[in-house]
$ cat protein-v4.txt   # compact mmCIF, C-alpha atoms
# COMPACT_ATOMS: atom_id res chain seq x y z
CA ASN A 1 96.29 30.26 79.84
CA VAL A 2 98.48 27.21 80.41
CA THR A 3 96.96 24.29 82.30
CA GLN A 4 98.70 22.54 85.18
CA GLN A 5 98.98 19.38 83.09
CA GLU A 6 100.83 21.26 80.34
CA ILE A 7 103.21 22.73 82.94
CA ASP A 8 103.87 19.28 84.45
CA ASP A 9 104.50 17.79 81.01
CA ARG A 10 107.01 20.51 80.15
CA VAL A 11 108.78 20.14 83.52
CA ASN A 12 109.15 16.39 82.98
CA PHE A 13 110.32 16.99 79.42
CA VAL A 14 113.02 19.44 80.57
CA LEU A 15 114.07 17.15 83.43
CA GLU A 16 114.50 14.25 81.03
CA GLY A 17 116.35 16.37 78.48
CA LEU A 18 118.84 17.65 81.08
CA GLY A 19 119.31 14.30 82.77
CA LEU A 20 117.73 15.40 86.07
CA SER A 21 114.80 12.99 86.27
CA HIS A 22 116.49 10.83 88.92
CA VAL A 23 116.95 13.83 91.27
CA LYS A 24 113.65 15.62 90.62
CA ASP A 25 112.55 15.08 94.25
CA THR A 26 115.89 16.20 95.72
CA VAL A 27 116.32 19.71 97.07
CA VAL A 28 118.89 21.90 95.32
CA GLY A 29 120.62 22.57 98.63
CA ASP A 30 122.91 25.29 99.94
CA GLU A 31 125.80 25.68 102.37
CA ASN A 32 123.65 24.31 105.22
CA LEU A 33 121.62 21.65 103.40
CA ARG A 34 123.13 18.91 101.26
CA GLY A 35 121.46 18.69 97.85
CA VAL A 36 122.32 17.95 94.25
CA SER A 37 125.87 18.12 92.87
CA GLY A 38 127.52 21.20 91.35
CA GLY A 39 127.00 20.05 87.77
CA GLN A 40 123.34 19.29 88.48
CA LYS A 41 122.88 22.77 89.96
CA ARG A 42 124.11 24.28 86.70
CA ARG A 43 121.62 22.12 84.79
CA VAL A 44 118.84 23.29 87.14
CA THR A 45 119.72 26.88 86.19
CA VAL A 46 119.54 26.00 82.49
CA GLY A 47 116.26 24.13 83.08
CA GLU A 48 114.69 27.26 84.59
CA MET A 49 115.45 29.13 81.36
CA LEU A 50 114.16 26.28 79.21
CA MET A 51 110.83 26.42 81.04
CA SER A 52 110.00 29.63 79.19
CA THR A 53 107.80 28.84 76.20
CA THR A 54 108.60 32.14 74.46
CA SER A 55 112.42 32.23 74.73
CA ARG A 56 114.24 31.15 71.59
CA VAL A 57 117.80 32.11 72.60
CA LEU A 58 119.74 31.15 75.74
CA CYS A 59 122.77 33.25 76.73
CA LEU A 60 125.15 31.35 79.04
CA ASP A 61 128.37 32.97 80.25
CA ASN A 62 131.11 30.60 81.51
CA ILE A 63 128.51 28.01 82.50
CA THR A 64 131.23 25.37 83.08
CA ASP A 65 133.40 27.54 85.33
CA GLY A 66 134.48 25.54 88.40
CA LEU A 67 133.21 22.19 87.12
CA ALA A 68 135.23 19.05 86.48
CA SER A 69 135.95 18.14 82.85
CA THR A 70 133.43 15.29 82.86
CA ASP A 71 130.72 17.48 84.41
CA SER A 72 131.48 20.25 81.89
CA PHE A 73 131.15 17.87 78.95
CA SER A 74 127.93 16.36 80.34
CA LEU A 75 126.40 19.82 80.92
CA ILE A 76 127.16 21.11 77.40
CA GLN A 77 125.95 17.82 75.92
CA GLN A 78 122.65 18.03 77.80
CA ILE A 79 122.20 21.68 76.75
CA SER A 80 122.86 20.73 73.12
CA GLU A 81 120.29 17.92 73.21
CA ALA A 82 117.71 20.09 75.03
CA CYS A 83 118.13 22.91 72.49
CA LYS A 84 117.55 20.49 69.62
CA LYS A 85 114.40 19.11 71.28
CA HIS A 86 113.01 22.58 72.06
CA ARG A 87 114.23 24.12 68.77
CA THR A 88 116.12 26.72 70.80
CA ALA A 89 119.48 28.40 70.16
CA ALA A 90 122.17 28.75 72.82
CA ILE A 91 125.01 31.29 72.84
CA ILE A 92 127.68 30.02 75.24
CA THR A 93 131.02 31.58 76.18
CA LEU A 94 133.70 29.22 77.51
CA LEU A 95 137.29 29.57 78.68
CA GLN A 96 139.66 27.23 76.80
CA PRO A 97 137.21 24.33 76.32
CA SER A 98 138.43 20.89 75.33
CA ASP A 99 138.09 19.55 71.79
CA GLU A 100 135.39 17.15 73.01
CA ILE A 101 133.26 20.06 74.24
CA ILE A 102 133.88 22.17 71.14
CA SER A 103 132.73 19.27 68.93
CA LEU A 104 129.27 19.55 70.53
CA PHE A 105 128.73 23.02 69.02
CA ASP A 106 127.22 23.67 65.60
CA LYS A 107 129.24 26.86 65.10
CA ILE A 108 131.95 28.70 66.98
CA LEU A 109 132.79 32.39 67.13
CA VAL A 110 136.33 33.59 67.86
CA LEU A 111 136.88 37.28 68.63
CA SER A 112 140.15 39.16 68.53
CA SER A 113 141.42 41.23 71.46
CA ASP A 114 139.64 44.33 70.09
CA GLY A 115 136.35 42.49 69.42
CA GLN A 116 136.78 41.83 65.69
CA PRO A 117 135.45 38.47 64.42
CA ALA A 118 138.42 36.24 63.58
CA TYR A 119 136.27 33.21 62.79
CA PHE A 120 132.60 32.29 62.64
CA GLY A 121 131.60 28.97 61.17
CA PRO A 122 131.44 25.23 61.71
CA VAL A 123 133.84 23.27 63.89
CA ASP A 124 136.12 22.33 61.00
CA ARG A 125 139.78 21.82 61.82
CA VAL A 126 140.87 22.41 58.23
CA GLN A 127 139.08 25.74 57.95
CA LEU A 128 140.28 26.83 61.38
CA ARG A 129 143.84 25.97 60.39
CA SER A 130 143.58 27.97 57.14
CA ILE A 131 142.38 31.04 59.08
CA PHE A 132 144.71 31.00 62.08
CA ILE A 133 147.84 29.50 60.53
CA GLY A 134 147.39 29.99 56.80
CA ASP A 135 147.75 27.65 53.87
CA THR A 136 151.41 26.83 54.32
CA GLU A 137 153.32 23.59 53.80
CA ASN A 138 153.96 23.09 57.52
CA SER A 139 150.49 24.15 58.71
CA GLU A 140 149.65 20.65 59.91
CA PHE A 141 152.94 20.49 61.82
CA LEU A 142 152.20 23.82 63.54
CA ASP A 143 148.69 22.62 64.43
CA SER A 144 149.75 20.04 67.01
CA GLY A 145 147.63 21.06 69.99
CA SER A 146 143.97 21.48 70.81
CA ILE A 147 141.53 23.73 68.96
CA ALA A 148 141.78 26.25 71.81
CA ASP A 149 145.56 26.34 71.34
CA LEU A 150 145.09 26.74 67.59
CA VAL A 151 142.84 29.81 67.80
CA MET A 152 144.85 31.39 70.64
CA ASN A 153 148.30 31.00 69.10
CA GLN A 154 148.84 34.79 69.22
CA PRO A 155 150.17 35.90 72.64
CA MET A 156 147.91 38.55 74.16
CA SER A 157 150.73 40.81 75.34
CA ALA A 158 150.65 44.59 74.94
CA LYS A 159 153.51 44.41 72.46
CA SER A 160 151.87 41.78 70.25
CA VAL A 161 148.48 43.51 70.25
CA ALA A 162 150.11 46.81 69.26
CA ASN A 163 151.85 45.11 66.34
CA PRO A 164 149.86 46.08 63.20
CA ASN A 165 150.84 42.85 61.45
CA SER A 166 150.37 40.40 64.32
CA LYS A 167 149.10 36.86 63.89
CA GLU A 168 145.82 38.07 65.32
CA ASP A 169 145.39 40.74 62.65
CA GLN A 170 146.43 38.27 59.96
CA ALA A 171 143.72 35.85 61.11
CA VAL A 172 141.09 38.62 61.03
CA THR A 173 142.17 39.56 57.50
CA ARG A 174 142.06 35.94 56.29
CA PHE A 175 138.57 35.51 57.68
CA ARG A 176 137.31 38.68 55.98
CA GLN A 177 138.63 37.39 52.66
CA SER A 178 137.36 33.83 53.15
CA ASN A 179 134.31 32.20 51.60
CA LEU A 180 132.90 31.72 55.10
CA ASN A 181 132.65 35.47 55.61
CA LYS A 182 131.17 36.00 52.12
CA LYS A 183 128.54 33.35 52.86
CA LEU A 184 127.78 34.98 56.22
CA ILE A 185 127.32 38.42 54.63
CA HIS A 186 125.01 36.90 52.01
CA GLU A 187 122.87 35.17 54.66
CA LEU A 188 122.62 38.36 56.73
CA GLY A 189 121.58 40.26 53.62
CA MET A 190 118.77 37.79 52.97
CA ILE A 191 117.58 38.11 56.58
CA HIS A 192 117.54 41.91 56.39
CA ALA A 193 115.70 41.82 53.06
CA SER A 194 112.93 39.57 54.43
CA ALA A 195 112.64 41.34 57.81
CA PRO A 196 109.78 43.80 58.41
CA SER A 197 110.50 47.51 58.29
CA ILE A 198 111.71 49.39 61.36
CA ARG A 199 108.36 51.16 61.65
CA ASP A 200 106.46 47.86 61.69
CA ARG A 201 108.86 46.43 64.28
CA GLU A 202 108.45 49.47 66.53
CA ALA A 203 104.66 49.24 66.23
CA ALA A 204 104.70 45.54 67.11
CA LEU A 205 106.99 46.19 70.09
CA HIS A 206 104.74 49.01 71.34
CA GLU A 207 101.72 46.72 71.09
CA PHE A 208 103.53 43.94 72.92
CA MET A 209 104.80 46.10 75.79
CA SER A 210 102.47 46.99 78.63
CA ASN A 211 101.33 50.60 78.99
CA GLU A 212 101.63 50.28 82.77
CA LYS A 213 104.88 50.71 84.68
CA TYR A 214 104.69 47.05 85.76
CA SER A 215 103.00 44.32 83.73
CA ALA A 216 101.73 42.63 86.93
CA SER A 217 99.85 44.39 89.72
CA TYR A 218 101.33 44.84 93.20
CA TYR A 219 98.95 42.25 94.64
CA ARG A 220 99.88 39.76 91.91
CA GLN A 221 103.60 40.18 92.56
CA VAL A 222 103.23 39.77 96.33
CA SER A 223 100.99 36.71 95.95
CA ILE A 224 103.47 34.97 93.61
CA ILE A 225 106.43 35.64 95.92
CA ALA A 226 104.46 34.60 99.02
CA ALA A 227 103.25 31.36 97.38
CA ARG A 228 106.80 30.55 96.27
CA ARG A 229 108.20 31.18 99.76
CA TRP A 230 105.42 29.15 101.36
CA LYS A 231 106.18 26.22 99.09
CA LEU A 232 109.93 26.43 99.82
CA ILE A 233 109.30 26.45 103.58
CA PHE A 234 107.10 23.36 103.57
CA ARG A 235 109.33 21.47 101.14
CA ASN A 236 112.02 21.56 103.83
CA SER A 237 111.62 18.57 106.13
CA MET A 238 113.28 20.50 108.97
CA THR A 239 110.23 22.78 109.07
CA TYR A 240 108.07 19.99 110.47
CA ALA A 241 110.77 19.03 112.99
CA ARG A 242 110.96 22.62 114.22
CA VAL A 243 107.15 22.79 114.58
CA ILE A 244 107.08 19.56 116.58
CA ILE A 245 109.94 20.65 118.84
CA ALA A 246 108.36 24.07 119.42
CA THR A 247 105.00 22.42 120.23
CA ILE A 248 106.58 20.00 122.73
CA PHE A 249 108.54 22.74 124.50
CA GLY A 250 105.42 24.89 124.57
CA MET A 251 103.45 22.13 126.31
CA ILE A 252 106.11 21.53 128.96
$ encode --input "protein-v4.txt" --output "structure tokens"
Amino acid sequence: NVTQQEIDDRVNFVLEGLGLSHVKDTVVGDENLRGVSGGQKRRVTVGEMLMSTTSRVLCLDNITDGLASTDSFSLIQQISEACKKHRTAAIITLLQPSDEIISLFDKILVLSSDGQPAYFGPVDRVQLRSIFIGDTENSEFLDSGSIADLVMNQPMSAKSVANPNSKEDQAVTRFRQSNLNKKLIHELGMIHASAPSIRDREAALHEFMSNEKYSASYYRQVSIIAARRWKLIFRNSMTYARVIIATIFGMI
């Protein structure tokens, strides 16, 4: 069992890692109650996932959607620092991120329109250029935009996708023949060789999973939800105002 002190220490650690310590006593807010900013709300969502002591992988889909560029950069930076502190991995999908945001990642994965890996490796402009443009004399001249422009230089029209020798297919072929892909296959082979057998993994999973339909009893589930709702009600300062107003009108 985890003590309350250990929970408080982890909460403070996550708040500090995500840059939320200065708003820890501020309500999140909604359409009726003013609270923290939009970027801080996203970090609160990430912080809830980081509170799990057993999770080792975070999956975040378009976490910067709707945020300003500065808030997007700050959010990804805080996630990167928090993952390093907690020794956790994060898989994040983004729509046309800036070079500043991409530089915060350890590795990037680029998929083709049909889901084939066109690149997986470090954020290295030279290697990206060799995959998506090729080793030509004017490759540096053609690479004049951002990294997002570089990896998306193939128009995603129906005609271009149907072309069997499109720039997209050429990039996939170059990656398959590259040393990056050979290194990746070698690393995956080592992981598979050292992994336990399928029978042992199934036995461990069966032992881990509960034999009951629900891991927590009905009473336990209701008590957790009721305690959470009770805490949310009394955290709202308007609750006390409503009680006072109702008491005064009841006495009149």
$ atom_distance --input "protein-v4.txt" --atom1 "atom CA of Ala90 of chain A" --atom2 "atom CA of Asn181 of chain A"
21.2 Å
$ closest_residue --input "protein-v4.txt" --among "A:Ser98, A:Ser103, A:Ser178, A:Ser37" --to "Ser130 of chain A" --atoms "all atoms listed in the file"
A:Ser178
$ closest_residue --input "protein-v4.txt" --among "A:His186, A:Gln40, A:Asp30, A:Asp169" --to "Leu15 of chain A" --atoms "only C-alpha atoms"
A:Gln40
$ residues_around --input "protein-v4.txt" --residues "segment 49-61 of chain A" --least-positions-apart "6" --cutoff "12 Å" --atoms "all atoms listed in the file" --output "PyMOL selection string"
chain A and resi 2+6-15+17-18+42-43+75-76+78-95
$ atom_distance --input "protein-v4.txt" --atom1 "atom CA of Val44 of chain A" --atom2 "atom CA of Lys24 of chain A"
9.9 Å
$ axis_aligned_box --input "protein-v4.txt" --around "segment 177-193 of chain A" --padding-each-side "5 Å" --output "AutoDock Vina command-line options"
--center_x 127.2 --center_y 36.8 --center_z 54.2 --size_x 32.9 --size_y 20.2 --size_z 15.1
